[in-house]
Amino acid sequence: MRTDGFLLLALLACNATAGETVRRDSILMQAHRAGWQEVRSKADGNARVEYTYNDRSHGDHITATWSLDSSGIPLKYESSGVDYMKAPVAEHFSLHDGVANWENTGERGQRTLSASAFYMPANPPPEFYGVLARALLKAPDHRLALLPEGLASITTEGSIASTDNGKPAKWTQYQITGLSFMPRSVWLDESGATAAVASTWLSTIAPGHEREVENLLEAQDDTNRIWFAHAAARLTHAPKGDLVIRNARLFDPRDLSVTANTSVLIRGERIVRIAQDAEFQPRADAEIIEANGRFLMPGLWDNHQHFDEVDGMLDIANGVTSARDLANDTGVFLKRMARFDDGSEIGPRVLKAGIIDGTGPNAVPVGKFADSAEEAIRAVDWYADHGYVQIKVYMSLKPQLVPVIADRAHARGLRLSGHVPAFMSARQFIEAGADEIQHFNYVELNFLYPRVRETTLLSERFIKVAEHARDFPPDKPAVRDFIEFLKRHRTVLDPTMGLLEARLAGSPKQITPGVENVAYRFPQEVRRSLIGGAYEVPKGHEEAYRAAILSMLRLLKALYDAGVVIVPGTDALAGYMLHHELALYVRAGIAPAQVLRMATLTSAQVMGVERDLGVIAAGKYADMILIDGDPARDIDDLKKISTVIKGGKVFDPRAIENSLGIAPMK
């Protein structure tokens with residue numbers, strides 16, 4: 001690999017213009033090559049970068065040019081291309097005579113500057129993080145104001161040994177604070193050139209060094225582990241003795257009752273007693289939380305996550321105390337789960353689902369791969385041996401392997417769920433042994449089968465659904481028959497309606513539906529990442545797209561009314577999007593109290609952990625949330641969580657948000 005990289009560099013150098021250097025980086029998704037970044041730069045700070053990758057028919061393709069002053073501050077930036085959802089993007093920035101002007105998909109502004117400020121593009125290629133790192137290293141106190149807003153700083157976090165042309169070399173890890181919820185790592189070589197920008201999902205790395213990504217991620221995780229541990233120590237309160245919540249209005253998802261004047265005694269990580277206030281006298285040394293009539297309910301579940309970075313902290317800040325991870329790496333992720341469990345990183349209880357896919361151009365770039373029965377069985381056994389409780393299959397898996405995986409998973413005590421593999425209907429998937437379906441579009445695709453079969457293509461698995469969802473109302477005979485089929489097979493649905501709304505009913509130029517009223521509080525880079533996330537509506541299909549989500553919500557309500565089990569999950573922004581997911585269920589016509597039951601007791605029952613979770617009752621884990629409102633009547637009151645308790649440890653949501661650079665609510 002390294003030899004090929006050096007050969008490529010030599011070939012590119014032959015094509016470079018005078019005074020220009022050329023580097024063609026690799027883009028890796030996990031360990032799989034997904035694209036490239038070509039950097040053409042000159043000593044005067046001018047550069048041209050083309051950046052492209054493919055993630056199952058998604059992925060950015062950006063061409064950008066820029067010029068810098070002697071301190072590395074951008075004087076001009078121009079880019080065009082498509083974003084992750086393949087929607088067109090263009091960006092323009094200029095700094096002339098102290099006046100900065102910028103325009104991109106979601107912003108347009110002008111500012112007269114009295115001091116240096118660094119413009120950070122909305123859709124930058126990875127190389128631009130290296131540009132920012134070098135500018136920060138030159139800046140006084142290693143700090144720079146950002147445009148359109150914010151303040152960035154940089155610290156040095158150690159180095160690793162590498163080689164260049166067979167000679168020993170050193171790459172240094174820098175962390176930039178001020179862009180996102182947590183510091184972002186950038187690796188520079190000894191000359192100051194960008195060596196890598198790595199994450200557990202997508203990494204950009206200098207050619208010939210692809211095999212070193214794992215070492216970079218391990219080093220970054222070591223750095224982040226310290227950051228998370230400091231945050232956990234500051235933000236976690238562990239009572240020294242008994243903890244008593246007094247004068248609460250207790251919600252019980254078993255019968256949907258709300259009982260006022262209730263006390264809850266917690267000792268260690270479990271609930272010891274539930275009693276009326278007048279009937280309970282706590283110990284003299286007990287710590288008391290005066291609920292003052294606030295709503296007390298079990299902690300929420302998010303049944304569809306892929307944990308990374310600060311997702312665990314965002315979950316706890318939003319009352320999510322239990323979750324499922326439905327596909328992740330098997331290195332950093334497992335270490336993170338161990339930290340959640342021992343309290344050195346803030347996060348919910350997590351049940352792990354391991355993913356299995358077949359090989360192919362649109363295979364998911366994570367997990368285990370199986371093209372034969374023997375490979376499938378080995379993959380199931382690996383997950384079972386490593387504490388996973390569920391298998392999730394993906395779209396490139398051969399349909400004939402589903403019953404093989406189902407039988408082995410069930411024999412090992414694991415559930416089976418997934419995206420319905422291509423060339424297979426949802427009905428066939430369930431008949432082959434699946435217990436659960438992820439994403440509501442696969443319910444809709446059942447009615448389009450066999451017309452729509454090649455669902456590894458986004459045009460088939462999403463666009464066709466948007467065009468035809470309104471064609472399948474709940475009273476249609478084929479739809480009624482499938483609803484009865486799902487009920488008879490006790491199939492569970494993980495619909496991720498918020499994700500589908502974002503993709504089919506959102507806009508490439510607007511904030512993702514559901515977080516419009518909270519995005520303004522987030523750091524700049526996070527807020528910008530929430531713009532878009534939608535497919536462009538093909539001309540002539542506007543009415544069908546508008547009707548798609550409403551049609552799916554009507555079908556969701558019919559499924560619920562028929563007794564089909566639904567567990568809420570997001571596959572999107574942790575914590576905040578779960579509140580919106582639940583609000584969509586209410587919008588579909590399901591009563592708020594019943595939705596709360598889905599997000600607590602029902603989720604625990606589906607995952608077989610109702611002995612410990614899902615209800616506030618004696619003997620169960622002390623996982624609960626206090627709310628300044630009544631979400632059993634108004635689901636939007638979930639946004640008013642004042643206290644979160646997980647395993648008897650107490651968290652202040654506002655303090656967690658503040659530690660992540662999230663501004664207070666207005």
# chains A, B, ... in the order shown; residues from 1 in each chain; ligands from 1
$ residues_around --residues "range 453-463 of chain A" --least-positions-apart "2" --cutoff "6 Å" --atoms "only C-alpha atoms" --output "list in words"
Met395, Ala422, Phe423, Pro450, Val465 and Ala466 of chain A
$ write_last_selection --atoms "C-alpha atoms" --output "PDB file, in the first residue's frame"
ATOM      1  CA  MET A 395     -28.908  -4.576   2.227  1.00  0.00           C
ATOM      2  CA  ALA A 422     -32.055  -6.257  -1.617  1.00  0.00           C
ATOM      3  CA  PHE A 423     -34.035  -8.651  -3.821  1.00  0.00           C
ATOM      4  CA  PRO A 450     -41.095  -6.996  -6.808  1.00  0.00           C
ATOM      5  CA  VAL A 465     -40.923   5.352  -1.312  1.00  0.00           C
ATOM      6  CA  ALA A 466     -41.318   9.131  -1.472  1.00  0.00           C
TER       7      ALA A 466
END
$ select_by_dssp --residues "range 538-665 of chain A" --states "strand (DSSP E or B)" --output "number ranges by chain"
A: 565-566, 621, 624-627, 641-646, 649-651
$ residues_around --residues "Tyr53 in chain A" --least-positions-apart "4" --cutoff "6 Å" --atoms "only C-alpha atoms" --output "ChimeraX atom specification"
/A:34-35,59
$ select_by_dssp --residues "range 504-650 of chain A" --states "alpha helix (DSSP H)" --output "PyMOL selection string"
chain A and resi 504-505+524-529+542-562+576-587+592-597+603-606
$ write_last_selection --atoms "C-alpha atoms" --output "compact mmCIF listing (two decimals), in the first residue's frame"
# COMPACT_ATOMS: atom_id res chain seq x y z
CA LEU A 504 -38.01 13.27 2.31
CA ALA A 505 -39.77 16.32 3.76
CA GLN A 524 -21.23 26.60 14.70
CA GLU A 525 -20.04 23.40 13.06
CA VAL A 526 -22.83 21.32 14.61
CA ARG A 527 -25.50 23.83 13.65
CA ARG A 528 -24.26 23.91 10.07
CA SER A 529 -24.25 20.10 9.91
CA GLU A 542 -43.36 17.82 -5.26
CA GLU A 543 -46.91 16.82 -4.28
CA ALA A 544 -45.95 13.17 -3.73
CA TYR A 545 -43.03 14.15 -1.49
CA ARG A 546 -45.26 16.49 0.54
CA ALA A 547 -47.74 13.67 1.06
CA ALA A 548 -45.17 10.94 1.83
CA ILE A 549 -44.54 11.55 5.54
CA LEU A 550 -48.20 12.19 6.30
CA SER A 551 -49.07 8.93 4.55
CA MET A 552 -46.44 7.04 6.51
CA LEU A 553 -47.66 8.51 9.80
CA ARG A 554 -51.21 7.38 9.03
CA LEU A 555 -49.90 3.88 8.36
CA LEU A 556 -47.82 3.98 11.55
CA LYS A 557 -50.98 4.77 13.54
CA ALA A 558 -52.85 1.90 11.85
CA LEU A 559 -50.03 -0.47 12.75
CA TYR A 560 -50.08 0.70 16.36
CA ASP A 561 -53.86 0.37 16.57
CA ALA A 562 -53.59 -3.19 15.25
CA TYR A 576 -32.71 15.91 20.84
CA MET A 577 -34.00 13.92 17.86
CA LEU A 578 -35.59 11.32 20.14
CA HIS A 579 -37.90 14.02 21.54
CA HIS A 580 -38.92 14.81 17.96
CA GLU A 581 -39.35 11.14 17.07
CA LEU A 582 -41.83 10.77 19.91
CA ALA A 583 -43.59 13.99 18.88
CA LEU A 584 -44.08 12.51 15.39
CA TYR A 585 -45.84 9.49 16.91
CA VAL A 586 -48.20 11.88 18.70
CA ARG A 587 -48.68 13.74 15.42
CA PRO A 592 -48.73 10.97 24.48
CA ALA A 593 -48.92 8.61 27.47
CA GLN A 594 -48.90 5.60 25.13
CA VAL A 595 -45.87 7.04 23.35
CA LEU A 596 -44.09 7.37 26.70
CA ARG A 597 -44.81 3.69 27.32
CA SER A 603 -38.51 -0.96 24.75
CA ALA A 604 -37.33 -2.81 27.86
CA GLN A 605 -39.75 -5.67 27.17
CA VAL A 606 -38.64 -6.03 23.54
$ atom_distance --atom1 "CA of Leu75 in chain A" --atom2 "CA of Gly533 in chain A"
29.4 Å
$ closest_residue --among "A:Arg324, A:Arg225, A:Lys464, A:Arg294" --to "Pro538 in chain A" --atoms "only C-alpha atoms"
A:Lys464
$ closest_residue --among "A:Thr330, A:Ala591, A:Ile430, A:Asp222" --to "Tyr383 in chain A" --atoms "only C-alpha atoms"
A:Thr330
$ closest_residue --among "A:Ala502, A:Met665, A:Met624, A:Ala534" --to "Tyr84 in chain A" --atoms "only C-alpha atoms"
A:Ala534
$ closest_residue --among "A:Gly106, A:Pro253, A:Pro399, A:Gly387" --to "Ser507 in chain A" --atoms "only C-alpha atoms"
A:Gly106
$ atom_distance --atom1 "CA of Leu296 in chain A" --atom2 "CA of Arg249 in chain A"
5.7 Å
$ closest_atom_pairs --of "range 116-160 of chain A" --to "range 197-201 of chain A" --cutoff "9 Å" --atoms "only C-alpha atoms" --output "tab-separated table"
residue	atom	partner	partner_atom	distance
A:Pro126	CA	A:Val197	CA	6.5
A:Glu127	CA	A:Val197	CA	8.0
A:Tyr129	CA	A:Val197	CA	7.8
A:Gly130	CA	A:Val197	CA	8.2
$ residues_around --residues "range 257-269 of chain A" --least-positions-apart "4" --cutoff "8 Å" --atoms "only C-alpha atoms" --output "PyMOL selection string"
chain A and resi 241-253+273-277+280+282+293+621-622+646-649
$ closest_residue --among "A:Val332, A:Ala617, A:Ile625, A:Ile346" --to "His230 in chain A" --atoms "only C-alpha atoms"
A:Ile346
$ atom_distance --atom1 "CA of Glu309 in chain A" --atom2 "CA of Gly331 in chain A"
13.8 Å
$ decode --residues "range 536-583 of chain A" --atoms "N, CA and C atoms" --output "CSV table (one decimal), in the first residue's frame"
chain,number,residue,atom,x,y,z
A,536,GLU,N,-33.0,16.3,-2.8
A,536,GLU,CA,-33.7,17.3,-3.7
A,536,GLU,C,-34.9,16.6,-4.3
A,537,VAL,N,-36.0,17.3,-4.3
A,537,VAL,CA,-37.3,16.7,-4.9
A,537,VAL,C,-37.2,16.8,-6.4
A,538,PRO,N,-37.3,15.7,-7.1
A,538,PRO,CA,-37.3,15.7,-8.5
A,538,PRO,C,-38.5,16.5,-9.1
A,539,LYS,N,-38.3,17.2,-10.1
A,539,LYS,CA,-39.3,18.1,-10.7
A,539,LYS,C,-40.5,17.2,-11.0
A,540,GLY,N,-41.7,17.6,-10.7
A,540,GLY,CA,-42.9,16.9,-11.0
A,540,GLY,C,-43.4,16.0,-9.8
A,541,HIS,N,-42.5,15.8,-8.8
A,541,HIS,CA,-42.9,14.9,-7.7
A,541,HIS,C,-43.1,15.7,-6.4
A,542,GLU,N,-43.2,17.0,-6.5
A,542,GLU,CA,-43.4,17.8,-5.3
A,542,GLU,C,-44.6,17.4,-4.4
A,543,GLU,N,-45.7,17.2,-5.0
A,543,GLU,CA,-46.9,16.8,-4.3
A,543,GLU,C,-46.7,15.5,-3.6
A,544,ALA,N,-46.2,14.5,-4.3
A,544,ALA,CA,-46.0,13.2,-3.7
A,544,ALA,C,-45.0,13.2,-2.5
A,545,TYR,N,-43.9,14.0,-2.6
A,545,TYR,CA,-43.0,14.2,-1.5
A,545,TYR,C,-43.7,14.8,-0.3
A,546,ARG,N,-44.5,15.8,-0.6
A,546,ARG,CA,-45.3,16.5,0.5
A,546,ARG,C,-46.2,15.5,1.3
A,547,ALA,N,-46.8,14.6,0.5
A,547,ALA,CA,-47.7,13.7,1.1
A,547,ALA,C,-47.1,12.5,1.7
A,548,ALA,N,-45.8,12.2,1.4
A,548,ALA,CA,-45.2,10.9,1.8
A,548,ALA,C,-45.2,10.7,3.3
A,549,ILE,N,-44.7,11.7,4.1
A,549,ILE,CA,-44.5,11.5,5.5
A,549,ILE,C,-45.9,11.5,6.2
A,550,LEU,N,-46.8,12.3,5.7
A,550,LEU,CA,-48.2,12.2,6.3
A,550,LEU,C,-48.8,10.8,6.0
A,551,SER,N,-48.6,10.3,4.9
A,551,SER,CA,-49.1,8.9,4.6
A,551,SER,C,-48.4,7.9,5.4
A,552,MET,N,-47.1,8.0,5.7
A,552,MET,CA,-46.4,7.0,6.5
A,552,MET,C,-46.9,7.1,8.0
A,553,LEU,N,-47.2,8.4,8.4
A,553,LEU,CA,-47.7,8.5,9.8
A,553,LEU,C,-49.0,7.9,10.0
A,554,ARG,N,-49.9,8.0,9.0
A,554,ARG,CA,-51.2,7.4,9.0
A,554,ARG,C,-51.1,5.9,9.1
A,555,LEU,N,-50.1,5.3,8.3
A,555,LEU,CA,-49.9,3.9,8.4
A,555,LEU,C,-49.3,3.5,9.7
A,556,LEU,N,-48.4,4.3,10.2
A,556,LEU,CA,-47.8,4.0,11.6
A,556,LEU,C,-48.9,3.9,12.6
A,557,LYS,N,-49.9,4.8,12.6
A,557,LYS,CA,-51.0,4.8,13.5
A,557,LYS,C,-51.8,3.5,13.3
A,558,ALA,N,-52.1,3.1,12.1
A,558,ALA,CA,-52.9,1.9,11.9
A,558,ALA,C,-52.1,0.7,12.4
A,559,LEU,N,-50.8,0.6,12.2
A,559,LEU,CA,-50.0,-0.5,12.8
A,559,LEU,C,-50.1,-0.5,14.3
A,560,TYR,N,-50.0,0.6,14.9
A,560,TYR,CA,-50.1,0.7,16.4
A,560,TYR,C,-51.5,0.2,16.8
A,561,ASP,N,-52.5,0.7,16.2
A,561,ASP,CA,-53.9,0.4,16.6
A,561,ASP,C,-54.1,-1.1,16.4
A,562,ALA,N,-53.4,-1.8,15.5
A,562,ALA,CA,-53.6,-3.2,15.3
A,562,ALA,C,-52.8,-4.0,16.3
A,563,GLY,N,-51.9,-3.4,17.0
A,563,GLY,CA,-51.2,-4.1,18.0
A,563,GLY,C,-49.8,-4.5,17.6
A,564,VAL,N,-49.3,-3.9,16.5
A,564,VAL,CA,-47.9,-4.1,16.1
A,564,VAL,C,-47.0,-3.3,17.1
A,565,VAL,N,-45.9,-3.9,17.6
A,565,VAL,CA,-45.0,-3.3,18.6
A,565,VAL,C,-44.1,-2.3,17.9
A,566,ILE,N,-44.0,-1.1,18.4
A,566,ILE,CA,-43.1,-0.1,17.9
A,566,ILE,C,-42.2,0.4,19.0
A,567,VAL,N,-40.9,0.4,18.6
A,567,VAL,CA,-39.9,0.9,19.5
A,567,VAL,C,-39.2,2.2,18.9
A,568,PRO,N,-39.2,3.3,19.6
A,568,PRO,CA,-38.6,4.5,19.0
A,568,PRO,C,-37.1,4.5,19.0
A,569,GLY,N,-36.6,5.0,17.8
A,569,GLY,CA,-35.2,5.2,17.6
A,569,GLY,C,-34.9,6.3,16.7
A,570,THR,N,-33.7,6.8,16.6
A,570,THR,CA,-33.4,8.0,15.8
A,570,THR,C,-32.5,7.8,14.6
A,571,ASP,N,-31.4,7.2,14.8
A,571,ASP,CA,-30.3,7.1,13.8
A,571,ASP,C,-29.9,8.5,13.4
A,572,ALA,N,-30.0,9.4,14.3
A,572,ALA,CA,-29.7,10.8,14.0
A,572,ALA,C,-29.1,11.5,15.3
A,573,LEU,N,-29.2,12.8,15.3
A,573,LEU,CA,-28.6,13.6,16.5
A,573,LEU,C,-29.1,13.0,17.8
A,574,ALA,N,-28.2,12.6,18.6
A,574,ALA,CA,-28.5,11.9,19.9
A,574,ALA,C,-29.3,12.9,20.8
A,575,GLY,N,-30.3,12.3,21.5
A,575,GLY,CA,-31.0,13.0,22.5
A,575,GLY,C,-32.1,13.8,21.9
A,576,TYR,N,-31.8,14.9,21.3
A,576,TYR,CA,-32.7,15.9,20.8
A,576,TYR,C,-33.7,15.3,19.8
A,577,MET,N,-33.1,14.5,18.9
A,577,MET,CA,-34.0,13.9,17.9
A,577,MET,C,-35.0,12.9,18.4
A,578,LEU,N,-34.6,12.3,19.6
A,578,LEU,CA,-35.6,11.3,20.1
A,578,LEU,C,-36.9,12.1,20.6
A,579,HIS,N,-36.7,13.2,21.2
A,579,HIS,CA,-37.9,14.0,21.5
A,579,HIS,C,-38.8,14.3,20.3
A,580,HIS,N,-38.1,14.6,19.2
A,580,HIS,CA,-38.9,14.8,18.0
A,580,HIS,C,-39.5,13.5,17.4
A,581,GLU,N,-38.8,12.4,17.5
A,581,GLU,CA,-39.4,11.1,17.1
A,581,GLU,C,-40.7,10.8,17.8
A,582,LEU,N,-40.6,11.0,19.1
A,582,LEU,CA,-41.8,10.8,19.9
A,582,LEU,C,-42.9,11.8,19.6
A,583,ALA,N,-42.6,13.0,19.3
A,583,ALA,CA,-43.6,14.0,18.9
A,583,ALA,C,-44.2,13.6,17.6
